file final26.txt (compact mmCIF, C-alpha atoms and all ligand atoms)
# COMPACT_ATOMS: atom_id res chain seq x y z
CA MET A 33 0.00 0.00 0.00
CA MET A 34 2.80 2.37 1.06
CA THR A 35 4.72 1.67 -2.20
CA PHE A 36 1.54 2.39 -4.19
CA LEU A 37 0.99 5.74 -2.41
CA ILE A 38 4.64 6.74 -2.94
CA ALA A 39 4.35 5.85 -6.66
CA VAL A 40 1.11 7.91 -7.06
CA GLY A 41 2.62 10.83 -5.08
CA SER A 42 5.77 10.79 -7.22
CA LEU A 43 3.72 10.72 -10.44
CA VAL A 44 1.62 13.70 -9.30
CA ALA A 45 4.77 15.60 -8.31
CA ILE A 46 6.47 14.87 -11.67
CA CYS A 47 3.34 15.99 -13.59
CA GLY A 48 3.20 19.19 -11.51
CA ILE A 49 6.88 19.97 -12.18
CA LEU A 50 6.45 19.29 -15.92
CA ALA A 51 3.39 21.57 -16.08
CA LEU A 52 5.31 24.31 -14.24
CA LEU A 53 8.27 23.95 -16.62
CA LEU A 54 5.92 24.24 -19.60
CA VAL A 55 4.42 27.45 -18.19
CA ILE A 56 7.89 28.91 -17.50
CA ALA A 57 9.12 27.88 -20.96
CA ASP A 58 6.06 29.41 -22.60
CA ARG A 59 6.50 32.60 -20.59
CA TYR A 60 10.25 33.13 -21.02
CA LEU A 61 11.51 31.08 -23.98
CA ASN A 62 8.78 31.56 -26.56
CA ASP A 63 8.82 34.87 -28.32
CA TYR A 64 5.65 35.29 -30.34
CA GLY A 65 6.55 38.82 -31.36
CA ILE A 66 3.86 41.28 -32.35
CA CYS A 67 0.57 39.65 -33.40
CA LYS A 68 -2.31 41.28 -35.22
CA LEU A 69 -5.87 41.14 -33.93
CA ILE A 70 -8.08 41.58 -36.99
CA ILE A 71 -11.47 42.66 -35.67
CA ASN A 72 -14.80 42.53 -37.55
CA LYS A 73 -13.35 41.68 -40.97
CA GLY A 74 -10.60 44.28 -40.66
CA SER A 75 -12.73 47.28 -39.64
CA ARG A 76 -10.33 47.56 -36.71
CA GLU A 77 -6.84 46.13 -36.27
CA GLU A 78 -4.70 46.05 -33.14
CA ASP A 79 -1.03 45.06 -32.83
CA VAL A 80 -0.40 43.30 -29.53
CA GLU A 81 2.54 41.60 -27.84
CA GLY A 82 2.08 37.82 -28.34
CA GLY A 83 1.99 35.45 -25.35
CA SER A 84 -0.74 37.01 -23.24
CA THR A 85 -4.40 35.94 -23.07
CA LEU A 86 -6.76 37.30 -25.69
CA LEU A 87 -8.79 38.92 -22.87
CA ASN A 88 -5.78 40.82 -21.53
CA SER A 89 -4.52 41.70 -25.01
CA LEU A 90 -7.89 43.22 -25.93
CA ASN A 91 -8.05 45.07 -22.59
CA SER A 92 -4.61 46.56 -23.20
CA ALA A 93 -5.81 47.67 -26.65
CA GLY A 94 -8.76 49.46 -25.00
CA VAL A 95 -11.39 46.87 -25.95
CA PHE A 96 -13.17 45.74 -22.77
CA ILE A 97 -14.79 42.30 -22.80
CA PRO A 98 -17.18 41.32 -19.97
CA SER A 99 -15.49 39.13 -17.36
CA ALA A 100 -16.44 38.49 -13.77
CA CYS A 101 -14.01 35.80 -12.65
CA GLY A 102 -10.72 37.55 -13.38
CA GLY A 103 -9.99 35.24 -16.32
CA GLN A 104 -10.26 31.99 -14.34
CA GLY A 105 -12.62 30.40 -16.88
CA SER A 106 -15.50 30.11 -14.40
CA CYS A 107 -17.96 32.93 -15.22
CA GLY A 108 -18.37 32.22 -18.94
CA LEU A 109 -18.94 35.92 -19.70
CA CYS A 110 -15.94 36.54 -21.98
CA LYS A 111 -17.34 34.87 -25.10
CA LEU A 112 -16.25 36.06 -28.55
CA LYS A 113 -16.22 34.58 -32.03
CA VAL A 114 -12.65 33.68 -33.03
CA HIS A 115 -12.43 32.73 -36.70
CA SER A 116 -8.70 31.99 -36.97
CA GLY A 117 -5.52 31.83 -34.92
CA ALA A 118 -6.93 29.75 -32.04
CA PRO A 119 -6.31 26.10 -31.09
CA PRO A 120 -9.24 23.61 -30.91
CA VAL A 121 -11.67 24.16 -27.99
CA LEU A 122 -9.80 23.70 -24.69
CA PRO A 123 -11.11 21.47 -21.85
CA THR A 124 -11.47 24.60 -19.68
CA GLU A 125 -13.83 26.14 -22.26
CA GLU A 126 -16.03 23.07 -22.83
CA PRO A 127 -18.40 23.48 -19.81
CA HIS A 128 -19.37 26.99 -20.99
CA LEU A 129 -19.92 26.37 -24.72
CA SER A 130 -23.00 24.78 -26.29
CA PRO A 131 -22.57 22.68 -29.47
CA GLU A 132 -24.11 25.58 -31.49
CA GLU A 133 -21.59 28.02 -30.03
CA VAL A 134 -18.69 25.68 -30.84
CA SER A 135 -19.91 25.38 -34.44
CA GLU A 136 -20.10 29.20 -34.62
CA HIS A 137 -16.47 29.54 -33.37
CA VAL A 138 -17.50 31.10 -30.03
CA ARG A 139 -14.61 30.92 -27.53
CA LEU A 140 -13.76 32.06 -24.01
CA CYS A 141 -11.20 34.75 -24.67
CA CYS A 142 -9.65 34.50 -21.18
CA GLN A 143 -8.57 30.94 -21.98
CA LEU A 144 -6.92 31.63 -25.36
CA LYS A 145 -3.33 32.83 -25.68
CA VAL A 146 -2.37 35.10 -28.55
CA HIS A 147 0.38 33.18 -30.38
CA GLU A 148 -0.29 34.34 -33.94
CA ASP A 149 -2.55 36.73 -35.86
CA MET A 150 -6.22 36.22 -34.97
CA GLU A 151 -9.48 37.09 -36.74
CA LEU A 152 -12.22 38.06 -34.29
CA GLU A 153 -15.85 39.13 -34.28
CA ILE A 154 -16.71 41.59 -31.50
CA PRO A 155 -20.24 43.02 -30.98
CA GLU A 156 -20.19 46.73 -31.84
CA GLU A 157 -21.73 47.70 -28.48
CA LEU A 158 -18.60 46.51 -26.66
CA PHE A 159 -16.64 49.33 -28.33
CA ASN A 160 -18.77 51.80 -26.31
CA ILE A 161 -17.45 50.41 -23.05
CA ARG A 162 -15.14 52.90 -21.43
CA GLU A 163 -12.56 52.77 -18.68
CA PHE A 164 -12.39 55.44 -15.99
CA GLU A 165 -10.04 56.22 -13.18
CA GLY A 166 -12.48 57.43 -10.54
CA THR A 167 -12.05 58.31 -6.88
CA VAL A 168 -13.54 56.50 -3.90
CA GLU A 169 -15.89 59.15 -2.52
CA SER A 170 -17.35 57.14 0.36
CA LEU A 171 -17.60 53.64 1.76
CA THR A 172 -20.61 53.13 4.04
CA ASP A 173 -21.63 50.11 6.13
CA LEU A 174 -25.13 48.94 5.16
CA ASN A 175 -24.98 46.02 7.63
CA HIS A 176 -22.31 43.75 9.14
CA ASP A 177 -21.08 42.36 5.78
CA ILE A 178 -22.35 44.74 3.09
CA LYS A 179 -20.93 48.15 2.15
CA ARG A 180 -22.05 50.81 -0.30
CA LEU A 181 -19.11 52.06 -2.37
CA ARG A 182 -19.61 55.45 -3.99
CA VAL A 183 -17.18 56.33 -6.78
CA ALA A 184 -16.87 59.83 -8.26
CA LEU A 185 -16.01 59.80 -11.97
CA PRO A 186 -13.14 62.04 -13.11
CA GLU A 187 -13.96 65.75 -13.41
CA GLY A 188 -15.96 66.40 -16.60
CA GLU A 189 -16.73 62.71 -17.31
CA GLU A 190 -20.28 61.33 -17.41
CA LEU A 191 -21.62 57.78 -17.72
CA ASP A 192 -25.08 56.96 -19.07
CA ILE A 193 -26.40 53.71 -17.67
CA ILE A 194 -29.49 51.59 -18.13
CA PRO A 195 -30.71 50.46 -14.69
CA GLY A 196 -29.73 46.80 -14.28
CA GLN A 197 -26.31 47.11 -15.93
CA TYR A 198 -23.02 46.43 -14.18
CA VAL A 199 -19.44 47.70 -14.14
CA GLN A 200 -16.16 45.94 -13.50
CA ILE A 201 -13.84 47.35 -10.87
CA GLU A 202 -10.15 46.68 -10.70
CA THR A 203 -8.50 45.32 -7.58
CA PRO A 204 -4.85 46.35 -7.77
CA ALA A 205 -2.08 43.87 -6.98
CA TYR A 206 -1.87 43.32 -3.20
CA LYS A 207 -1.10 40.43 -0.87
CA LYS A 208 -3.99 38.31 -2.23
CA THR A 209 -3.22 38.80 -5.92
CA PRO A 210 0.11 39.30 -7.71
CA GLU A 211 -1.61 41.10 -10.59
CA PRO A 212 -4.68 43.32 -10.91
CA VAL A 213 -8.02 41.49 -11.24
CA TYR A 214 -11.47 42.69 -12.31
CA ARG A 215 -14.80 41.79 -10.69
CA ALA A 216 -18.35 42.67 -11.77
CA TYR A 217 -20.75 44.73 -9.59
CA SER A 218 -24.29 45.82 -10.43
CA ILE A 219 -24.79 49.56 -10.58
CA ALA A 220 -27.02 50.87 -7.77
CA THR A 221 -26.92 54.52 -8.88
CA ASP A 222 -29.93 56.75 -9.55
CA PRO A 223 -29.55 57.01 -13.35
CA HIS A 224 -30.08 60.79 -13.13
CA ASP A 225 -26.69 61.03 -11.43
CA LYS A 226 -24.25 60.57 -14.31
CA THR A 227 -21.11 61.54 -12.40
CA HIS A 228 -21.11 58.83 -9.71
CA ILE A 229 -21.25 55.05 -9.59
CA ASP A 230 -22.76 53.42 -6.48
CA LEU A 231 -22.08 49.75 -5.79
CA VAL A 232 -23.42 47.47 -3.05
CA ILE A 233 -20.73 44.95 -2.14
CA ARG A 234 -21.02 41.94 0.15
CA LEU A 235 -17.86 40.57 1.76
CA VAL A 236 -16.98 37.09 0.47
CA PRO A 237 -14.65 35.71 3.17
CA GLY A 238 -11.20 35.27 1.63
CA GLY A 239 -12.32 36.87 -1.66
CA ILE A 240 -9.72 38.92 -3.53
CA CYS A 241 -11.78 41.97 -4.46
CA THR A 242 -14.16 42.14 -1.50
CA THR A 243 -11.33 41.75 1.06
CA PHE A 244 -9.58 44.65 -0.66
CA VAL A 245 -12.75 46.76 -0.53
CA PHE A 246 -13.42 45.95 3.15
CA GLU A 247 -9.87 46.05 4.50
CA HIS A 248 -7.79 48.30 2.26
CA MET A 249 -10.06 50.76 0.46
CA GLU A 250 -10.41 54.31 1.76
CA PRO A 251 -12.12 57.50 0.61
CA GLY A 252 -9.85 59.54 -1.66
CA GLN A 253 -8.18 56.50 -3.23
CA PRO A 254 -8.16 56.16 -7.04
CA ILE A 255 -10.17 53.27 -8.46
CA LYS A 256 -10.25 51.93 -12.02
CA LEU A 257 -13.56 50.76 -13.44
CA ASN A 258 -14.98 49.97 -16.84
CA GLY A 259 -18.46 49.51 -18.25
CA PRO A 260 -21.38 49.61 -18.44
CA TYR A 261 -22.16 46.00 -19.38
CA GLY A 262 -25.17 43.69 -19.46
CA ASP A 263 -28.71 43.45 -20.73
CA PHE A 264 -30.57 42.89 -17.42
CA ARG A 265 -33.18 45.68 -17.57
CA LEU A 266 -36.88 46.40 -17.16
CA THR A 267 -39.05 45.54 -20.14
CA ASP A 268 -41.31 48.28 -21.45
CA THR A 269 -44.53 46.30 -20.89
CA GLU A 270 -47.17 47.30 -18.33
CA LYS A 271 -47.07 43.89 -16.64
CA GLU A 272 -47.11 43.68 -12.84
CA MET A 273 -43.63 42.83 -11.57
CA ILE A 274 -41.95 40.85 -8.82
CA PHE A 275 -38.38 41.57 -7.71
CA ILE A 276 -36.56 38.86 -5.72
CA ALA A 277 -33.12 39.48 -4.21
CA GLY A 278 -31.43 39.44 -0.83
CA GLY A 279 -28.18 40.99 0.36
CA SER A 280 -26.14 42.84 -2.26
CA GLY A 281 -28.55 41.54 -4.92
CA MET A 282 -30.56 44.67 -4.07
CA ALA A 283 -28.10 46.80 -6.09
CA PRO A 284 -29.80 46.85 -9.52
CA PHE A 285 -33.24 47.31 -7.93
CA LEU A 286 -32.09 50.53 -6.22
CA SER A 287 -31.27 51.87 -9.68
CA MET A 288 -34.48 50.51 -11.27
CA LEU A 289 -36.71 51.96 -8.53
CA ALA A 290 -34.97 55.35 -8.80
CA HIS A 291 -35.60 55.23 -12.55
CA MET A 292 -39.30 54.40 -11.98
CA ARG A 293 -39.59 57.33 -9.54
CA ASN A 294 -37.77 59.73 -11.93
CA GLU A 295 -39.95 58.75 -14.90
CA ASN A 296 -43.17 58.41 -12.88
CA ILE A 297 -43.58 54.77 -13.97
CA GLN A 298 -46.62 53.43 -12.11
CA ARG A 299 -46.23 49.68 -12.78
CA LYS A 300 -47.22 47.54 -9.84
CA VAL A 301 -44.16 45.92 -8.25
CA THR A 302 -43.56 43.84 -5.12
CA TYR A 303 -39.97 43.37 -3.95
CA PHE A 304 -39.37 40.21 -1.85
CA PHE A 305 -36.09 40.62 0.04
CA GLY A 306 -34.82 37.42 1.66
CA ALA A 307 -32.53 37.55 4.70
CA ARG A 308 -31.68 35.29 7.61
CA ALA A 309 -32.20 37.69 10.50
CA LYS A 310 -32.83 41.37 11.13
CA ARG A 311 -29.09 42.13 11.15
CA ASP A 312 -28.94 41.11 7.46
CA LEU A 313 -31.53 43.64 6.27
CA ILE A 314 -30.31 46.73 4.38
CA CYS A 315 -31.63 50.05 3.04
CA LEU A 316 -34.95 49.92 4.94
CA ASP A 317 -35.27 53.74 4.94
CA GLU A 318 -34.66 53.90 1.19
CA MET A 319 -37.28 51.22 0.57
CA LYS A 320 -39.76 53.19 2.71
CA ALA A 321 -39.02 56.33 0.68
CA PHE A 322 -39.62 54.41 -2.56
CA GLU A 323 -42.94 53.12 -1.16
CA GLU A 324 -43.96 56.72 -0.47
CA ALA A 325 -42.90 57.95 -3.93
CA LEU A 326 -44.29 54.96 -5.86
CA PRO A 327 -47.80 54.09 -4.60
CA ASN A 328 -47.79 50.77 -6.52
CA PHE A 329 -44.50 49.61 -4.96
CA LYS A 330 -44.43 47.29 -1.95
CA PHE A 331 -41.30 46.07 -0.11
CA VAL A 332 -41.65 42.69 1.61
CA PRO A 333 -38.63 41.74 3.73
CA CYS A 334 -38.77 38.14 4.95
CA LEU A 335 -36.56 36.45 7.52
CA SER A 336 -35.76 32.74 7.32
CA GLU A 337 -34.19 32.48 10.82
CA PRO A 338 -35.22 35.50 12.92
CA MET A 339 -33.40 35.76 16.28
CA PRO A 340 -35.51 35.87 19.46
CA ASP A 341 -34.52 39.50 20.16
CA ASP A 342 -35.36 40.53 16.57
CA ASN A 343 -39.01 40.86 17.75
CA TRP A 344 -39.93 40.26 14.12
CA ASP A 345 -43.59 40.48 13.18
CA GLY A 346 -43.07 40.52 9.40
CA ASP A 347 -43.01 37.58 6.99
CA THR A 348 -40.91 34.55 7.93
CA GLY A 349 -39.66 31.60 5.89
CA LEU A 350 -37.75 31.19 2.66
CA VAL A 351 -38.18 34.12 0.28
CA THR A 352 -39.52 31.77 -2.40
CA ASP A 353 -42.22 30.37 -0.06
CA VAL A 354 -43.23 33.87 1.09
CA MET A 355 -43.48 35.00 -2.54
CA LYS A 356 -45.68 31.97 -3.38
CA GLN A 357 -48.04 32.74 -0.48
CA HIS A 358 -48.40 36.41 -1.54
CA CYS A 359 -48.81 35.69 -5.27
CA PRO A 360 -50.76 32.49 -5.98
CA ASP A 361 -51.28 33.29 -9.68
CA LEU A 362 -48.26 34.63 -11.57
CA SER A 363 -49.43 33.82 -15.09
CA ASN A 364 -49.57 37.45 -16.26
CA MET A 365 -46.65 38.89 -14.30
CA GLU A 366 -42.89 39.39 -14.82
CA ALA A 367 -40.09 38.58 -12.38
CA TYR A 368 -36.62 40.08 -11.96
CA LEU A 369 -34.08 38.12 -9.92
CA CYS A 370 -30.62 39.07 -8.76
CA GLY A 371 -28.10 37.17 -6.62
CA SER A 372 -26.39 33.80 -6.33
CA PRO A 373 -27.08 31.14 -8.99
CA GLY A 374 -28.70 28.96 -6.26
CA MET A 375 -31.14 31.72 -5.26
CA CYS A 376 -32.00 32.52 -8.89
CA ASP A 377 -32.54 28.84 -9.80
CA ALA A 378 -34.77 28.22 -6.73
CA SER A 379 -36.80 31.34 -7.58
CA VAL A 380 -37.34 30.20 -11.19
CA VAL A 381 -38.74 26.88 -9.90
CA ALA A 382 -41.06 28.69 -7.46
CA LEU A 383 -42.23 31.25 -10.05
CA THR A 384 -42.95 28.75 -12.82
CA GLY A 385 -44.65 26.53 -10.19
CA ASN A 386 -47.16 29.35 -9.64
CA GLY A 387 -47.82 29.76 -13.34
CA MET A 388 -45.24 32.34 -14.52
CA PRO A 389 -44.07 31.66 -18.09
CA GLU A 390 -40.28 31.21 -18.16
CA GLU A 391 -39.91 33.92 -20.81
CA ASN A 392 -41.27 36.45 -18.27
CA ILE A 393 -38.37 35.77 -15.87
CA PHE A 394 -35.21 37.89 -16.11
CA PHE A 395 -32.14 37.48 -13.95
CA ASP A 396 -28.62 38.60 -13.21
CA LYS A 397 -26.66 35.78 -11.61
CA PHE A 398 -23.68 36.72 -9.43
CA SER A 399 -21.79 33.70 -10.80
C1 LIG A 401 -22.97 40.40 -13.48
C2 LIG A 401 -22.52 40.29 -12.03
C3 LIG A 401 -22.91 41.27 -11.12
C4 LIG A 401 -22.49 41.19 -9.79
N1 LIG A 401 -22.90 42.15 -8.92
C5 LIG A 401 -22.54 42.07 -7.62
C6 LIG A 401 -23.00 43.06 -6.68
O1 LIG A 401 -23.72 44.01 -7.03
N2 LIG A 401 -22.61 42.93 -5.39
C7 LIG A 401 -21.81 41.89 -4.97
O2 LIG A 401 -21.49 41.84 -3.76
N3 LIG A 401 -21.36 40.95 -5.84
C8 LIG A 401 -21.69 41.03 -7.15
N4 LIG A 401 -21.22 40.08 -8.04
C9 LIG A 401 -20.22 39.09 -7.57
C10 LIG A 401 -18.80 39.71 -7.70
O3 LIG A 401 -18.48 39.88 -9.07
C11 LIG A 401 -17.69 38.82 -7.11
O4 LIG A 401 -17.79 37.53 -7.66
C12 LIG A 401 -17.77 38.70 -5.59
O5 LIG A 401 -17.77 39.98 -4.99
C13 LIG A 401 -16.55 37.91 -5.06
O6 LIG A 401 -15.36 38.54 -5.50
P1 LIG A 401 -13.99 38.31 -4.71
O7 LIG A 401 -12.89 38.74 -5.62
O8 LIG A 401 -14.05 38.94 -3.37
O9 LIG A 401 -13.96 36.75 -4.49
P2 LIG A 401 -13.07 35.69 -5.30
O10 LIG A 401 -11.64 35.87 -4.95
O11 LIG A 401 -13.44 35.76 -6.75
O12 LIG A 401 -13.65 34.33 -4.73
C14 LIG A 401 -13.17 33.72 -3.56
C15 LIG A 401 -13.96 32.44 -3.33
O13 LIG A 401 -15.33 32.75 -3.05
C16 LIG A 401 -16.20 32.12 -3.99
N5 LIG A 401 -17.22 33.14 -4.33
C17 LIG A 401 -17.14 34.07 -5.30
N6 LIG A 401 -18.26 34.86 -5.29
C18 LIG A 401 -19.03 34.41 -4.27
C19 LIG A 401 -20.28 34.82 -3.75
N7 LIG A 401 -20.96 35.86 -4.28
N8 LIG A 401 -20.77 34.12 -2.68
C20 LIG A 401 -20.08 33.08 -2.14
N9 LIG A 401 -18.89 32.66 -2.60
C21 LIG A 401 -18.36 33.30 -3.65
C22 LIG A 401 -15.35 31.78 -5.18
O14 LIG A 401 -15.85 30.61 -5.84
C23 LIG A 401 -14.00 31.51 -4.55
O15 LIG A 401 -13.93 30.19 -4.07
C24 LIG A 401 -21.64 40.13 -9.36
C25 LIG A 401 -21.26 39.15 -10.29
C26 LIG A 401 -21.70 39.22 -11.59
C27 LIG A 401 -21.27 38.14 -12.55
S1 LIG A 402 -13.41 35.90 -17.74
FE1 LIG A 402 -14.67 34.48 -16.69
S2 LIG A 402 -14.71 32.78 -18.03
FE2 LIG A 402 -13.44 34.18 -19.02
call {"tool": "encode", "arguments": {"input": "final26.txt", "output": "structure tokens"}}
result
Amino acid sequence: MMTFLIAVGSLVAICGILALLLVIADRYLNDYGICKLIINKGSREEDVEGGSTLLNSLNSAGVFIPSACGGQGSCGLCKLKVHSGAPPVLPTEEPHLSPEEVSEHVRLCCQLKVHEDMELEIPEELFNIREFEGTVESLTDLNHDIKRLRVALPEGEELDIIPGQYVQIETPAYKKTPEPVYRAYSIATDPHDKTHIDLVIRLVPGGICTTFVFEHMEPGQPIKLNGPYGDFRLTDTEKEMIFIAGGSGMAPFLSMLAHMRNENIQRKVTYFFGARAKRDLICLDEMKAFEEALPNFKFVPCLSEPMPDDNWDGDTGLVTDVMKQHCPDLSNMEAYLCGSPGMCDASVVALTGNGMPEENIFFDKFS
């Protein structure tokens, strides 16, 4: 048994060393020179230093591709059509690409290295994405693990957003990351305010970006962000709506509700906010103000595990169960969901179970 374990351990160690040597060789011995990125049949061309990922090469050329996982191949947001210059689909890409996408040459650009000239197809709207170096204006505790980050854009700059969109913020290199990484955050700003970006950020224990925000970020610091991205937005129907989100998933709804108030949109909407206990609730005063400004808006916080000293007399139970009790027939309504994939998936099951057609459900998953 011992001999077997030693043999397996040695094999794993040898494979690890070989993989490391390959990475070092690729990094230092291969010189790919300058490679050309030929974009949209030559309507734009960029010369980039070969050897880096396609995602980073495009970023350095000022073309910002959505990415939420810092290029780790887990979010699946960085899809582009690559018509030449790429190897066959990599194992790390496979889980994110459908057979149709593979046949249409869709690839994850964070997984591809630029080793030769490449022909790419990039949706025109991505060229409108801009990068800013803003300033942290304030960082406010909303509860024990959620902060509101307010960023002032540089003097004279403005950003038009559609409520529901998100930006990516850069975490600079620090003890948790040797190089800068980007993470996505939904915009919580009143869209009338074009000179600030508000974000609602929940601490993920051990997380690279959120640890930086909670432990190292201070008002006055510069902060790089780019955007806006995403097509999560209100439809222009008159259908009654349900919002479901807990924690920092409230972010896009702050922006959507401000938009409804600004434009005097009177659609009926009920927002079910799921939390464990009273200490997890956020923005109660803002929700009250929206209820006063929008007579057809109702905020329903529900606690799944209220503490004895919470003295809670509101709704209790899972947010999906509370929503089902309030809304037995959802067949002619729309739902907007924001938060973890688990929460969004459970909500879809609950909504369709009460008669909501799947095409009436819109979500932004914090994957
Ligand atoms: C479109 C979009 C919008 C988003 N909007 C928001 C927002 O408004 N507010 C917000 O707080 N977050 C939002 N997120 C999530 C955010 O992008 C980061 O994933 C999250 O803040 C963690 O980043 P990190 O660098 O601290 O953690 P990482 O260093 O990336 O992760 C550390 C570990 O935590 C795990 N992890 C990552 N995210 C979570 C999570 N949310 N919960 C539990 N475990 C996690 C990872 O798998 C990893 O094991 C959004 C994500 C997307 C895709
Ligand atoms: S950036 Fe997340 S999969 Fe590519």
call {"tool": "residues_near_ligand", "arguments": {"input": "final26.txt", "ligand": "ligand LIG 401 (chain A)", "cutoff": "9 Å", "atoms": "all atoms listed in the file", "output": "PyMOL selection string"}}
result
chain A and resi 98-102+106-107+109+178-179+197-201+203+208-209+213-220+231-245+261-262+264+279-284+370-372+396-399
call {"tool": "residues_around", "arguments": {"input": "final26.txt", "residues": "Ala184 of chain A", "least_positions_apart": "4", "cutoff": "10 Å", "atoms": "only C-alpha atoms", "output": "VMD selection string"}}
result
chain A and resid 164 to 170 189 to 190 226 to 230 252 254 to 255
call {"tool": "atom_distance", "arguments": {"input": "final26.txt", "atom1": "atom CA of Asn296 of chain A", "atom2": "atom CA of Asn328 of chain A"}}
result
11.0 Å
call {"tool": "residues_around", "arguments": {"input": "final26.txt", "residues": "segment 87-92 of chain A", "least_positions_apart": "4", "cutoff": "12 Å", "atoms": "only C-alpha atoms", "output": "PyMOL selection string"}}
result
chain A and resi 66-71+76-83+96-105+109-112+139-147+150+152+154+158-159+161-163+211-214+258
call {"tool": "atom_distance", "arguments": {"input": "final26.txt", "atom1": "atom CA of Arg293 of chain A", "atom2": "atom CA of Phe322 of chain A"}}
result
7.6 Å
call {"tool": "atom_distance", "arguments": {"input": "final26.txt", "atom1": "atom CA of Pro327 of chain A", "atom2": "atom CA of Leu313 of chain A"}}
result
22.2 Å
call {"tool": "residues_around", "arguments": {"input": "final26.txt", "residues": "segment 287-291 of chain A", "least_positions_apart": "5", "cutoff": "9 Å", "atoms": "only C-alpha atoms", "output": "PDB file with C-alpha atoms, in the coordinates of the input"}}
result
ATOM      1  CA  ILE A 194     -29.490  51.590 -18.130  1.00  0.00           C
ATOM      2  CA  PRO A 195     -30.710  50.460 -14.690  1.00  0.00           C
ATOM      3  CA  GLY A 196     -29.730  46.800 -14.280  1.00  0.00           C
ATOM      4  CA  ILE A 219     -24.790  49.560 -10.580  1.00  0.00           C
ATOM      5  CA  ALA A 220     -27.020  50.870  -7.770  1.00  0.00           C
ATOM      6  CA  THR A 221     -26.920  54.520  -8.880  1.00  0.00           C
ATOM      7  CA  ASP A 222     -29.930  56.750  -9.550  1.00  0.00           C
ATOM      8  CA  PRO A 223     -29.550  57.010 -13.350  1.00  0.00           C
ATOM      9  CA  HIS A 224     -30.080  60.790 -13.130  1.00  0.00           C
ATOM     10  CA  ARG A 265     -33.180  45.680 -17.570  1.00  0.00           C
ATOM     11  CA  LEU A 266     -36.880  46.400 -17.160  1.00  0.00           C
ATOM     12  CA  ASN A 296     -43.170  58.410 -12.880  1.00  0.00           C
ATOM     13  CA  ILE A 297     -43.580  54.770 -13.970  1.00  0.00           C
ATOM     14  CA  PHE A 322     -39.620  54.410  -2.560  1.00  0.00           C
ATOM     15  CA  LEU A 326     -44.290  54.960  -5.860  1.00  0.00           C
ATOM     16  CA  PHE A 329     -44.500  49.610  -4.960  1.00  0.00           C
TER      17      PHE A 329
END
call {"tool": "closest_residue", "arguments": {"input": "final26.txt", "among": "A:Lys73, A:His248, A:Lys356, A:Arg308", "to": "Gly387 of chain A", "atoms": "only C-alpha atoms"}}
result
A:Lys356
